[in-house]
Amino acid sequence: MLRWMLLGILGLLPRAAGQAEMDLVPLPEQIERGTGVFRLDADTALVVTSTSQEARWAAELLDQVLAGGMPTRARQTDFPPRAGHVITFADGGDPALAPEGYELRITPEGVRLLAPEPLGLLRGVQTLRQLLPADFESGTRPVTEVTLPAVRIADRPRYRWRGMLLDCCRHFMDVDFVKRYIDLLAYHRMSVLHWHLTEDQGWRIQIDRYPKLTEVGAWRGPDRYGGFYSKQQVREVLEHARRRGITVVPEIELPGHSSAALAAYPNLGCSGGPYEVETRWGVFPDVYCAGNDETFAFLEGVLEEVIDLFPGTYIHIGGDECPKTRWQQCPKCQARIKAEGLADEHELQSYFVRRIEKFLNSRGRRLIGWDEILEGGLAPNATVQSWRGMNGAVKAASAGHDVISSPTSHCYLDYAQQRADGEPTFMGYIDLETCYAFEPTPSELSPEQARHVLGLEGNMWTEHAPQERVDYQVFPRLSALAEVGWSPKEKRDWPDFSARLATHLRRLDALGVTYFQPAPTCGTSARVFPDSIEVVLSGRPPDGTIVYTLDGTDPDAASACYTTPLRLTESTVVTTRGLRPGGGLTSKATYRFIRETHRPALPASGTPGLARRVYAGALRKLPADPPGPPTATDTAATCDLAGISLQRDYLVHLAGRLRVPRDGAYTFHLTSDDGSRLTLSGREVIDNDGLHGARTVSGQIMLAAGDHELLVEYFQAGGAQRLKLEWSGPDLPHQVVPASAFWHEDQ
Ligand code: ACM
Ligand code: ZN
């Protein structure tokens, strides 16, 4: 138990004036408001009585923050501090708060930050930072105007693993950016940076024994996009993280997602290559050969150097999305299966991971892998990061393994934050409230099993996010996940968090974080209309307005202000943003409206199904004309890829007629991986072209009852293959377009 008790019933009181300065994120375990304020001034001294280096780092951080408002302020203990002008960093406080907890006591007479273990001072100083005025760190306010509210905080985290992944492979992130990301994790009292360093699309860490990993593996495509971190840069990042109490966990992917390594050292693949550093997104069949002892010598050599660099206990080895097709055909892999008495290729993957685990354990390190490492048998000491839902977490914790909860449903911050026409939807949507509602400990677990849940991790994959987009994807969802990981479960309260977030966003503004803010949404579901249409916009930012343009240009503060529904009588692009009280703009949404009359129908004719033609060709987008004669022609009952035997590098045309039951506006949703397009009655309805993962794009068209010419084009470059066409219409609920709607003329 903590030494002192919460006195007030703050949670039950209405938000009072002045409470904004206490809008802490994540919410501390206990807050007790005092009376009065501590005034900072030119004489305020930071005094470190703890001998720990963490105390010094905490004081240095606060010193830097305050220096932004007062360059001449005296430093540290080089003069006798005056009573009432001291911020002290000390050992102490309730031992029950260890290892990360702290006590912060602010009175008009002084500020004391205490922690039973030094790491707590690094967490507590972040809370102290948040008690400064929200705009303080923009550097516009002199410190002499600053007060800290009298308060007593006792705080510690719910989980010890509060992580964020940063994928520096799909897009390269420079060293300063990685350090800033670490700063922002620390600001949210998170504890782990999961640094994703190797991938199909790039190897990003210098390994002396294998120089080609970065000479060859760090660069992709004809324009040689890429980059890597030298050992010196890695050390610099690690030192930066250490001073902020952030553990950096490197991820060295195996056995899959290894195209870049194979491009550098083709002898490590089953076929011997040649291989290329991938320029496409997805999952690729060429992986490390599990039958070749050179593979293990190589990986141990790499890991040896990684272990020398990274001081933390954990090494992440990936383990996800490893196709087994090459292993099935490889004599060496098959010989390994036989020699080791393994049942199949899943057990071969398990053999692979166990062998690596044994090596890591022999060096005093622990292995983490994505939940695929459960397949074929889990390595004995492995920690599982559950991403394909929470089943992996339940299974691993039930078997006595530690787990990190990181499901795609709540933790994938590369997914879109809002359903809006202009917001790319490569994978799915996770809004802020969904993130905030995440529960990292599955209810199925007994209290004993639940102790294996180390915490949670958010993932920032960067296929679609160069460095300058990362803030937009990550924030403010990271703020929500940070609170899920830190604050007591019983204190979690969405309305309260939302209210605190308003202040917290001003802090993020001051820190220069370009976070996502919901764009106005369109309450009008129709996008096509015969005569005129009323367009309703909603989602005004608090105390702000909605601005819009009708000519495709990006709205700004001077654009038209939305007050009543817009009446459109011509095809129009409505582009809109929220305008916040301070003049800031929210994210943008674009809604396209097309004025058209029903497309006339053809008389019903033909035979069931669509004429399907398959063409071979390595494509990056849909071509104007097929690359040659078709390699296969058949009739497809429905609009999909059923029965196509090619794995990659092909184009499909599905052509025929769509029979619609009655006149009206029809909405289509075309999902594909990679690109696709839907043309109906000669009009392009959906453009979902380009290299991408499963992505759904929607479109509408007015159709008269009867038959309409249909063409669906699709190409597959590599990785997953997917094509799906759904619709809804008058009296027609949202569904996959059924076989009964497809017809074609005999060929
Ligand atoms: C993953 O998202 N493939 C772990
Ligand atoms: Zn092999």
# chains A, B, ... in the order shown; residues from 1 in each chain; ligands from 1
$ select_by_dssp --residues "region 426-557 of chain A" --states "helix (DSSP H, G or I)" --output "ChimeraX atom specification"
/A:432-436,447-450,467-474,477-486,489-491,494-510
$ residues_near_ligand --ligand "ligand 1" --cutoff "9 Å" --atoms "only C-alpha atoms and all ligand atoms" --output "ChimeraX atom specification"
/A:283,318-321,369-372,385-388,406-408,412,459,461
$ write_last_selection --atoms "N, CA, C and O atoms" --output "PDB file, in the first residue's frame"
ATOM      1  N   VAL A 283       4.428 -10.060 -48.476  1.00  0.00           N
ATOM      2  CA  VAL A 283       5.103 -11.215 -47.880  1.00  0.00           C
ATOM      3  C   VAL A 283       5.722 -11.980 -49.038  1.00  0.00           C
ATOM      4  O   VAL A 283       5.039 -12.228 -50.036  1.00  0.00           O
ATOM      5  N   GLY A 318      11.489 -11.416 -34.857  1.00  0.00           N
ATOM      6  CA  GLY A 318      10.424 -11.467 -35.871  1.00  0.00           C
ATOM      7  C   GLY A 318       9.699 -12.801 -35.810  1.00  0.00           C
ATOM      8  O   GLY A 318       9.005 -13.094 -34.870  1.00  0.00           O
ATOM      9  N   GLY A 319       9.888 -13.616 -36.854  1.00  0.00           N
ATOM     10  CA  GLY A 319       9.243 -14.922 -36.880  1.00  0.00           C
ATOM     11  C   GLY A 319       7.885 -14.919 -37.570  1.00  0.00           C
ATOM     12  O   GLY A 319       7.279 -15.972 -37.766  1.00  0.00           O
ATOM     13  N   ASP A 320       7.403 -13.725 -37.974  1.00  0.00           N
ATOM     14  CA  ASP A 320       6.076 -13.638 -38.585  1.00  0.00           C
ATOM     15  C   ASP A 320       6.151 -13.887 -40.091  1.00  0.00           C
ATOM     16  O   ASP A 320       7.208 -13.739 -40.701  1.00  0.00           O
ATOM     17  N   GLU A 321       5.015 -14.249 -40.629  1.00  0.00           N
ATOM     18  CA  GLU A 321       4.791 -14.264 -42.076  1.00  0.00           C
ATOM     19  C   GLU A 321       5.936 -14.903 -42.855  1.00  0.00           C
ATOM     20  O   GLU A 321       6.519 -14.278 -43.730  1.00  0.00           O
ATOM     21  N   GLY A 369       9.301 -13.087 -30.169  1.00  0.00           N
ATOM     22  CA  GLY A 369       8.875 -13.258 -31.557  1.00  0.00           C
ATOM     23  C   GLY A 369       7.393 -12.951 -31.693  1.00  0.00           C
ATOM     24  O   GLY A 369       6.642 -12.971 -30.711  1.00  0.00           O
ATOM     25  N   TRP A 370       6.979 -12.658 -32.926  1.00  0.00           N
ATOM     26  CA  TRP A 370       5.548 -12.489 -33.220  1.00  0.00           C
ATOM     27  C   TRP A 370       4.839 -13.827 -33.014  1.00  0.00           C
ATOM     28  O   TRP A 370       5.494 -14.877 -32.953  1.00  0.00           O
ATOM     29  N   ASP A 371       3.507 -13.809 -32.961  1.00  0.00           N
ATOM     30  CA  ASP A 371       2.801 -15.004 -32.482  1.00  0.00           C
ATOM     31  C   ASP A 371       2.927 -16.225 -33.393  1.00  0.00           C
ATOM     32  O   ASP A 371       2.617 -17.343 -32.967  1.00  0.00           O
ATOM     33  N   GLU A 372       3.421 -16.049 -34.616  1.00  0.00           N
ATOM     34  CA  GLU A 372       3.657 -17.224 -35.464  1.00  0.00           C
ATOM     35  C   GLU A 372       4.644 -18.200 -34.820  1.00  0.00           C
ATOM     36  O   GLU A 372       4.685 -19.371 -35.182  1.00  0.00           O
ATOM     37  N   GLN A 385       4.820 -11.885 -28.895  1.00  0.00           N
ATOM     38  CA  GLN A 385       4.114 -10.630 -29.171  1.00  0.00           C
ATOM     39  C   GLN A 385       2.905 -10.973 -30.021  1.00  0.00           C
ATOM     40  O   GLN A 385       3.026 -11.345 -31.190  1.00  0.00           O
ATOM     41  N   SER A 386       1.729 -10.856 -29.432  1.00  0.00           N
ATOM     42  CA  SER A 386       0.492 -11.298 -30.064  1.00  0.00           C
ATOM     43  C   SER A 386      -0.033 -10.183 -30.964  1.00  0.00           C
ATOM     44  O   SER A 386      -0.380  -9.111 -30.484  1.00  0.00           O
ATOM     45  N   TRP A 387      -0.076 -10.432 -32.268  1.00  0.00           N
ATOM     46  CA  TRP A 387      -0.518  -9.372 -33.195  1.00  0.00           C
ATOM     47  C   TRP A 387      -1.748  -9.771 -33.985  1.00  0.00           C
ATOM     48  O   TRP A 387      -2.558  -8.934 -34.338  1.00  0.00           O
ATOM     49  N   ARG A 388      -1.919 -11.087 -34.253  1.00  0.00           N
ATOM     50  CA  ARG A 388      -3.093 -11.508 -35.023  1.00  0.00           C
ATOM     51  C   ARG A 388      -4.231 -11.745 -34.031  1.00  0.00           C
ATOM     52  O   ARG A 388      -4.641 -12.873 -33.791  1.00  0.00           O
ATOM     53  N   SER A 406      -0.466  -6.819 -28.624  1.00  0.00           N
ATOM     54  CA  SER A 406      -0.191  -5.882 -29.712  1.00  0.00           C
ATOM     55  C   SER A 406      -1.092  -6.165 -30.910  1.00  0.00           C
ATOM     56  O   SER A 406      -0.639  -6.193 -32.044  1.00  0.00           O
ATOM     57  N   PRO A 407      -2.410  -6.395 -30.670  1.00  0.00           N
ATOM     58  CA  PRO A 407      -3.250  -6.880 -31.772  1.00  0.00           C
ATOM     59  C   PRO A 407      -3.544  -5.809 -32.820  1.00  0.00           C
ATOM     60  O   PRO A 407      -3.617  -4.621 -32.502  1.00  0.00           O
ATOM     61  N   THR A 408      -3.750  -6.281 -34.043  1.00  0.00           N
ATOM     62  CA  THR A 408      -4.080  -5.367 -35.145  1.00  0.00           C
ATOM     63  C   THR A 408      -5.365  -4.577 -34.849  1.00  0.00           C
ATOM     64  O   THR A 408      -5.545  -3.480 -35.361  1.00  0.00           O
ATOM     65  N   TYR A 412      -2.347  -1.159 -34.139  1.00  0.00           N
ATOM     66  CA  TYR A 412      -1.648  -0.907 -35.400  1.00  0.00           C
ATOM     67  C   TYR A 412      -1.862   0.548 -35.812  1.00  0.00           C
ATOM     68  O   TYR A 412      -2.872   0.893 -36.431  1.00  0.00           O
ATOM     69  N   ASN A 459       2.175  -0.411 -32.893  1.00  0.00           N
ATOM     70  CA  ASN A 459       3.067  -0.666 -34.028  1.00  0.00           C
ATOM     71  C   ASN A 459       2.954   0.423 -35.075  1.00  0.00           C
ATOM     72  O   ASN A 459       1.856   0.752 -35.520  1.00  0.00           O
ATOM     73  N   TRP A 461       4.152   0.605 -38.582  1.00  0.00           N
ATOM     74  CA  TRP A 461       4.727   0.098 -39.834  1.00  0.00           C
ATOM     75  C   TRP A 461       4.701   1.235 -40.842  1.00  0.00           C
ATOM     76  O   TRP A 461       3.785   2.057 -40.828  1.00  0.00           O
TER      77      TRP A 461
END
$ atom_distance --atom1 "CA of Ile106 (chain A)" --atom2 "CA of Leu61 (chain A)"
18.3 Å
$ residues_near_ligand --ligand "ligand 2" --cutoff "9 Å" --atoms "only C-alpha atoms and all ligand atoms" --output "JSON, numbers by chain"
{"A": [268, 269, 270, 271, 287, 288, 289, 290, 291, 292, 326, 327, 328, 329, 330, 331, 332, 333, 334, 336]}
$ residues_around --residues "Met390 (chain A)" --least-positions-apart "4" --cutoff "12 Å" --atoms "only C-alpha atoms" --output "PyMOL selection string"
chain A and resi 370-371+384-386+394-397+403-411+438-445+453+456
$ residues_around --residues "region 210-225 of chain A" --least-positions-apart "5" --cutoff "10 Å" --atoms "only C-alpha atoms" --output "ChimeraX atom specification"
/A:169-172,198-205,230,258-265,276-280,298,301-302
$ atom_distance --atom1 "CA of Arg242 (chain A)" --atom2 "CA of Val47 (chain A)"
21.3 Å
$ select_by_dssp --residues "region 51-257 of chain A" --states "strand (DSSP E or B)" --output "ChimeraX atom specification"
/A:86-91,102-107,110-115,147-155,161-167,192-196,198-199,202-203,205,219-220,225-226,229,247-254
$ atom_distance --atom1 "CA of Gly718 (chain A)" --atom2 "CA of Ser645 (chain A)"
13.5 Å
$ closest_residue --among "A:Leu725, A:Met190, A:Leu658, A:Leu148" --to "Ser487 (chain A)" --atoms "only C-alpha atoms"
A:Met190
$ closest_residue --among "A:Leu454, A:Leu165, A:Leu537, A:Leu478" --to "Val25 (chain A)" --atoms "only C-alpha atoms"
A:Leu478
$ residues_around --residues "Gly245 (chain A)" --least-positions-apart "3" --cutoff "10 Å" --atoms "only C-alpha atoms" --output "mmCIF file with all heavy atoms, in the first residue's frame"
data_model
loop_
_atom_site.group_PDB
_atom_site.id
_atom_site.type_symbol
_atom_site.label_atom_id
_atom_site.label_comp_id
_atom_site.auth_asym_id
_atom_site.auth_seq_id
_atom_site.Cartn_x
_atom_site.Cartn_y
_atom_site.Cartn_z
ATOM 1 N N GLU A 54 20.599 8.672 -13.111
ATOM 2 C CA GLU A 54 19.244 8.983 -13.571
ATOM 3 C C GLU A 54 18.778 10.318 -12.995
ATOM 4 O O GLU A 54 18.090 11.096 -13.661
ATOM 5 C CB GLU A 54 18.258 7.874 -13.169
ATOM 6 C CG GLU A 54 18.343 6.616 -14.003
ATOM 7 C CD GLU A 54 19.438 5.662 -13.528
ATOM 8 O OE1 GLU A 54 20.224 6.026 -12.626
ATOM 9 O OE2 GLU A 54 19.507 4.544 -14.081
ATOM 10 N N TRP A 57 20.322 12.950 -15.026
ATOM 11 C CA TRP A 57 19.687 13.060 -16.343
ATOM 12 C C TRP A 57 18.325 13.723 -16.238
ATOM 13 O O TRP A 57 17.936 14.519 -17.101
ATOM 14 C CB TRP A 57 19.536 11.666 -16.970
ATOM 15 C CG TRP A 57 20.831 10.993 -17.281
ATOM 16 C CD1 TRP A 57 22.032 11.589 -17.539
ATOM 17 C CD2 TRP A 57 21.054 9.580 -17.357
ATOM 18 N NE1 TRP A 57 22.994 10.635 -17.768
ATOM 19 C CE2 TRP A 57 22.431 9.394 -17.670
ATOM 20 C CE3 TRP A 57 20.250 8.456 -17.191
ATOM 21 C CZ2 TRP A 57 22.997 8.128 -17.823
ATOM 22 C CZ3 TRP A 57 20.811 7.197 -17.351
ATOM 23 C CH2 TRP A 57 22.172 7.038 -17.663
ATOM 24 N N ALA A 58 17.580 13.368 -15.182
ATOM 25 C CA ALA A 58 16.245 13.970 -14.998
ATOM 26 C C ALA A 58 16.385 15.477 -14.812
ATOM 27 O O ALA A 58 15.641 16.264 -15.409
ATOM 28 C CB ALA A 58 15.541 13.332 -13.803
ATOM 29 N N GLU A 100 9.502 1.818 -11.226
ATOM 30 C CA GLU A 100 9.389 2.987 -12.099
ATOM 31 C C GLU A 100 8.633 4.135 -11.463
ATOM 32 O O GLU A 100 8.525 5.201 -12.054
ATOM 33 C CB GLU A 100 8.680 2.609 -13.413
ATOM 34 C CG GLU A 100 9.478 1.741 -14.338
ATOM 35 C CD GLU A 100 8.755 1.561 -15.661
ATOM 36 O OE1 GLU A 100 8.836 2.455 -16.514
ATOM 37 O OE2 GLU A 100 8.073 0.521 -15.828
ATOM 38 N N PRO A 118 16.052 4.769 -9.075
ATOM 39 C CA PRO A 118 16.378 5.940 -9.902
ATOM 40 C C PRO A 118 15.535 6.091 -11.162
ATOM 41 O O PRO A 118 15.219 7.206 -11.570
ATOM 42 C CB PRO A 118 17.844 5.716 -10.261
ATOM 43 C CG PRO A 118 18.384 4.820 -9.201
ATOM 44 C CD PRO A 118 17.249 3.967 -8.742
ATOM 45 N N LEU A 119 15.125 4.974 -11.785
ATOM 46 C CA LEU A 119 14.331 5.061 -13.004
ATOM 47 C C LEU A 119 13.069 5.907 -12.785
ATOM 48 O O LEU A 119 12.595 6.600 -13.688
ATOM 49 C CB LEU A 119 13.973 3.638 -13.478
ATOM 50 C CG LEU A 119 13.216 3.495 -14.791
ATOM 51 C CD1 LEU A 119 13.927 4.205 -15.939
ATOM 52 C CD2 LEU A 119 13.009 2.014 -15.129
ATOM 53 N N GLY A 120 12.543 5.837 -11.568
ATOM 54 C CA GLY A 120 11.334 6.599 -11.248
ATOM 55 C C GLY A 120 11.520 8.103 -11.433
ATOM 56 O O GLY A 120 10.571 8.822 -11.769
ATOM 57 N N LEU A 121 12.749 8.593 -11.234
ATOM 58 C CA LEU A 121 12.989 10.027 -11.412
ATOM 59 C C LEU A 121 12.835 10.415 -12.879
ATOM 60 O O LEU A 121 12.376 11.513 -13.199
ATOM 61 C CB LEU A 121 14.389 10.390 -10.902
ATOM 62 C CG LEU A 121 14.587 10.209 -9.389
ATOM 63 C CD1 LEU A 121 16.042 10.416 -9.011
ATOM 64 C CD2 LEU A 121 13.687 11.176 -8.612
ATOM 65 N N LEU A 122 13.214 9.489 -13.775
ATOM 66 C CA LEU A 122 13.061 9.776 -15.208
ATOM 67 C C LEU A 122 11.594 9.775 -15.617
ATOM 68 O O LEU A 122 11.193 10.470 -16.548
ATOM 69 C CB LEU A 122 13.844 8.760 -16.042
ATOM 70 C CG LEU A 122 15.365 8.903 -15.980
ATOM 71 C CD1 LEU A 122 16.044 7.787 -16.740
ATOM 72 C CD2 LEU A 122 15.803 10.261 -16.519
ATOM 73 N N ARG A 123 10.784 8.982 -14.921
ATOM 74 C CA ARG A 123 9.347 9.015 -15.215
ATOM 75 C C ARG A 123 8.734 10.272 -14.594
ATOM 76 O O ARG A 123 7.938 10.968 -15.217
ATOM 77 C CB ARG A 123 8.652 7.776 -14.646
ATOM 78 C CG ARG A 123 9.222 6.453 -15.160
ATOM 79 C CD ARG A 123 8.874 6.174 -16.598
ATOM 80 N NE ARG A 123 9.463 4.911 -17.031
ATOM 81 C CZ ARG A 123 10.420 4.801 -17.956
ATOM 82 N NH1 ARG A 123 10.879 5.867 -18.585
ATOM 83 N NH2 ARG A 123 10.899 3.619 -18.279
ATOM 84 N N ILE A 182 11.968 8.743 -29.512
ATOM 85 C CA ILE A 182 12.285 8.281 -28.157
ATOM 86 C C ILE A 182 11.867 9.345 -27.136
ATOM 87 O O ILE A 182 11.273 9.028 -26.100
ATOM 88 C CB ILE A 182 13.798 7.965 -28.051
ATOM 89 C CG1 ILE A 182 14.100 6.678 -28.814
ATOM 90 C CG2 ILE A 182 14.248 7.881 -26.593
ATOM 91 C CD1 ILE A 182 15.574 6.402 -29.022
ATOM 92 N N ASP A 183 12.155 10.602 -27.417
ATOM 93 C CA ASP A 183 11.752 11.685 -26.518
ATOM 94 C C ASP A 183 10.240 11.678 -26.302
ATOM 95 O O ASP A 183 9.760 11.895 -25.191
ATOM 96 C CB ASP A 183 12.150 13.055 -27.097
ATOM 97 C CG ASP A 183 13.653 13.269 -27.079
ATOM 98 O OD1 ASP A 183 14.351 12.558 -26.333
ATOM 99 O OD2 ASP A 183 14.119 14.159 -27.825
ATOM 100 N N LEU A 185 8.186 9.119 -26.682
ATOM 101 C CA LEU A 185 7.801 7.948 -25.877
ATOM 102 C C LEU A 185 8.038 8.269 -24.403
ATOM 103 O O LEU A 185 7.180 8.026 -23.547
ATOM 104 C CB LEU A 185 8.623 6.716 -26.262
ATOM 105 C CG LEU A 185 8.471 6.167 -27.677
ATOM 106 C CD1 LEU A 185 9.217 4.846 -27.814
ATOM 107 C CD2 LEU A 185 7.016 5.976 -28.041
ATOM 108 N N ALA A 186 9.207 8.816 -24.101
ATOM 109 C CA ALA A 186 9.541 9.139 -22.714
ATOM 110 C C ALA A 186 8.549 10.150 -22.143
ATOM 111 O O ALA A 186 8.135 10.041 -20.990
ATOM 112 C CB ALA A 186 10.963 9.675 -22.634
ATOM 113 N N ARG A 189 5.761 8.579 -20.719
ATOM 114 C CA ARG A 189 6.168 7.597 -19.702
ATOM 115 C C ARG A 189 6.071 6.166 -20.236
ATOM 116 O O ARG A 189 5.730 5.232 -19.518
ATOM 117 C CB ARG A 189 5.351 7.774 -18.403
ATOM 118 C CG ARG A 189 5.378 9.218 -17.902
ATOM 119 C CD ARG A 189 5.116 9.358 -16.419
ATOM 120 N NE ARG A 189 3.795 9.037 -15.940
ATOM 121 C CZ ARG A 189 2.703 9.824 -16.075
ATOM 122 N NH1 ARG A 189 2.799 10.983 -16.705
ATOM 123 N NH2 ARG A 189 1.560 9.442 -15.577
ATOM 124 N N MET A 190 6.381 6.015 -21.511
ATOM 125 C CA MET A 190 6.481 4.671 -22.075
ATOM 126 C C MET A 190 7.875 4.127 -21.778
ATOM 127 O O MET A 190 8.747 4.847 -21.271
ATOM 128 C CB MET A 190 6.152 4.688 -23.562
ATOM 129 C CG MET A 190 4.707 5.128 -23.791
ATOM 130 S SD MET A 190 4.180 5.071 -25.499
ATOM 131 C CE MET A 190 3.632 3.378 -25.648
ATOM 132 N N SER A 191 8.097 2.844 -22.069
ATOM 133 C CA SER A 191 9.345 2.237 -21.601
ATOM 134 C C SER A 191 10.165 1.563 -22.688
ATOM 135 O O SER A 191 11.341 1.282 -22.450
ATOM 136 C CB SER A 191 9.040 1.228 -20.483
ATOM 137 O OG SER A 191 8.155 0.228 -20.944
ATOM 138 N N VAL A 192 9.566 1.275 -23.841
ATOM 139 C CA VAL A 192 10.277 0.464 -24.833
ATOM 140 C C VAL A 192 10.143 1.058 -26.238
ATOM 141 O O VAL A 192 9.040 1.384 -26.678
ATOM 142 C CB VAL A 192 9.713 -0.985 -24.872
ATOM 143 C CG1 VAL A 192 10.307 -1.784 -26.026
ATOM 144 C CG2 VAL A 192 9.973 -1.706 -23.552
ATOM 145 N N GLU A 239 22.340 5.597 -26.265
ATOM 146 C CA GLU A 239 22.690 6.470 -25.145
ATOM 147 C C GLU A 239 21.568 7.501 -24.903
ATOM 148 O O GLU A 239 21.196 7.775 -23.769
ATOM 149 C CB GLU A 239 24.029 7.174 -25.421
ATOM 150 C CG GLU A 239 24.517 8.080 -24.310
ATOM 151 C CD GLU A 239 24.712 7.380 -22.962
ATOM 152 O OE1 GLU A 239 24.802 6.125 -22.925
ATOM 153 O OE2 GLU A 239 24.754 8.093 -21.932
ATOM 154 N N HIS A 240 21.032 8.000 -25.989
ATOM 155 C CA HIS A 240 19.915 8.943 -25.895
ATOM 156 C C HIS A 240 18.734 8.286 -25.163
ATOM 157 O O HIS A 240 18.111 8.888 -24.284
ATOM 158 C CB HIS A 240 19.508 9.363 -27.310
ATOM 159 C CG HIS A 240 18.531 10.483 -27.357
ATOM 160 N ND1 HIS A 240 18.906 11.806 -27.312
ATOM 161 C CD2 HIS A 240 17.177 10.485 -27.432
ATOM 162 C CE1 HIS A 240 17.831 12.574 -27.360
ATOM 163 N NE2 HIS A 240 16.772 11.794 -27.446
ATOM 164 N N ALA A 241 18.458 7.038 -25.547
ATOM 165 C CA ALA A 241 17.342 6.307 -24.941
ATOM 166 C C ALA A 241 17.622 6.022 -23.456
ATOM 167 O O ALA A 241 16.738 6.168 -22.609
ATOM 168 C CB ALA A 241 17.115 5.007 -25.695
ATOM 169 N N ARG A 242 18.857 5.648 -23.156
ATOM 170 C CA ARG A 242 19.223 5.303 -21.779
ATOM 171 C C ARG A 242 18.972 6.491 -20.851
ATOM 172 O O ARG A 242 18.458 6.336 -19.754
ATOM 173 C CB ARG A 242 20.706 4.918 -21.755
ATOM 174 C CG ARG A 242 21.162 4.249 -20.483
ATOM 175 C CD ARG A 242 22.507 3.579 -20.715
ATOM 176 N NE ARG A 242 23.597 4.519 -20.672
ATOM 177 C CZ ARG A 242 24.380 4.699 -19.603
ATOM 178 N NH1 ARG A 242 24.167 4.006 -18.504
ATOM 179 N NH2 ARG A 242 25.366 5.556 -19.645
ATOM 180 N N VAL A 248 15.701 -0.012 -25.686
ATOM 181 C CA VAL A 248 15.552 -0.217 -27.124
ATOM 182 C C VAL A 248 15.704 -1.710 -27.423
ATOM 183 O O VAL A 248 16.723 -2.315 -27.080
ATOM 184 C CB VAL A 248 16.586 0.596 -27.922
ATOM 185 C CG1 VAL A 248 16.356 0.408 -29.421
ATOM 186 C CG2 VAL A 248 16.502 2.072 -27.559
#
$ residues_around --residues "region 681-689 of chain A" --least-positions-apart "2" --cutoff "9 Å" --atoms "only C-alpha atoms" --output "PyMOL selection string"
chain A and resi 599-601+620-622+657+668-672+674-679+691-692+695-701+703+708-711+714-715
$ write_last_selection --atoms "C-alpha atoms" --output "PDB file, in the first residue's frame"
ATOM      1  CA  ARG A 599     -26.975   4.995 -67.105  1.00  0.00           C
ATOM      2  CA  PRO A 600     -29.324   3.357 -69.619  1.00  0.00           C
ATOM      3  CA  ALA A 601     -29.356  -0.415 -69.441  1.00  0.00           C
ATOM      4  CA  ARG A 620       3.506  -1.814 -60.855  1.00  0.00           C
ATOM      5  CA  LYS A 621       0.231  -0.309 -62.032  1.00  0.00           C
ATOM      6  CA  LEU A 622      -2.605  -1.251 -64.349  1.00  0.00           C
ATOM      7  CA  ARG A 657     -22.309  -7.480 -67.679  1.00  0.00           C
ATOM      8  CA  PHE A 668     -19.430  -0.489 -54.956  1.00  0.00           C
ATOM      9  CA  HIS A 669     -16.491  -1.445 -52.739  1.00  0.00           C
ATOM     10  CA  LEU A 670     -13.469  -2.924 -54.471  1.00  0.00           C
ATOM     11  CA  THR A 671     -10.852  -4.565 -52.246  1.00  0.00           C
ATOM     12  CA  SER A 672      -7.569  -5.615 -53.760  1.00  0.00           C
ATOM     13  CA  ASP A 674      -2.377  -5.128 -55.386  1.00  0.00           C
ATOM     14  CA  GLY A 675      -4.121  -2.645 -57.724  1.00  0.00           C
ATOM     15  CA  SER A 676      -7.585  -2.768 -59.306  1.00  0.00           C
ATOM     16  CA  ARG A 677     -10.170  -0.701 -61.142  1.00  0.00           C
ATOM     17  CA  LEU A 678     -13.916  -0.976 -61.759  1.00  0.00           C
ATOM     18  CA  THR A 679     -15.495   0.411 -64.922  1.00  0.00           C
ATOM     19  CA  LEU A 691       1.164  -1.360 -55.476  1.00  0.00           C
ATOM     20  CA  HIS A 692      -0.477  -1.787 -52.096  1.00  0.00           C
ATOM     21  CA  ARG A 695      -7.137  -1.812 -49.577  1.00  0.00           C
ATOM     22  CA  THR A 696     -10.805  -1.045 -50.142  1.00  0.00           C
ATOM     23  CA  VAL A 697     -11.946   1.876 -52.260  1.00  0.00           C
ATOM     24  CA  SER A 698     -15.608   2.745 -52.758  1.00  0.00           C
ATOM     25  CA  GLY A 699     -17.508   4.492 -55.525  1.00  0.00           C
ATOM     26  CA  GLN A 700     -21.072   5.160 -56.672  1.00  0.00           C
ATOM     27  CA  ILE A 701     -22.935   5.240 -59.953  1.00  0.00           C
ATOM     28  CA  LEU A 703     -27.773   2.678 -62.971  1.00  0.00           C
ATOM     29  CA  HIS A 708     -24.466  -2.778 -67.778  1.00  0.00           C
ATOM     30  CA  GLU A 709     -21.081  -3.419 -69.268  1.00  0.00           C
ATOM     31  CA  LEU A 710     -18.590  -4.286 -66.551  1.00  0.00           C
ATOM     32  CA  LEU A 711     -14.817  -4.485 -66.511  1.00  0.00           C
ATOM     33  CA  TYR A 714      -6.561  -6.363 -61.336  1.00  0.00           C
ATOM     34  CA  PHE A 715      -2.845  -6.978 -61.132  1.00  0.00           C
TER      35      PHE A 715
END
$ residues_around --residues "Arg354 (chain A)" --least-positions-apart "6" --cutoff "9 Å" --atoms "only C-alpha atoms" --output "CSV table (one decimal) with N, CA and C atoms, in the first residue's frame"
chain,number,residue,atom,x,y,z
A,378,LEU,N,6.5,-23.8,-29.4
A,378,LEU,CA,7.1,-22.6,-29.0
A,378,LEU,C,8.5,-22.9,-28.4
A,379,ALA,N,9.5,-22.0,-28.7
A,379,ALA,CA,10.8,-22.1,-28.0
A,379,ALA,C,10.6,-22.0,-26.5
A,380,PRO,N,11.4,-22.7,-25.7
A,380,PRO,CA,11.1,-22.9,-24.3
A,380,PRO,C,11.1,-21.6,-23.5
A,382,ALA,N,10.7,-18.4,-24.8
A,382,ALA,CA,10.3,-17.2,-25.7
A,382,ALA,C,9.2,-16.4,-25.1
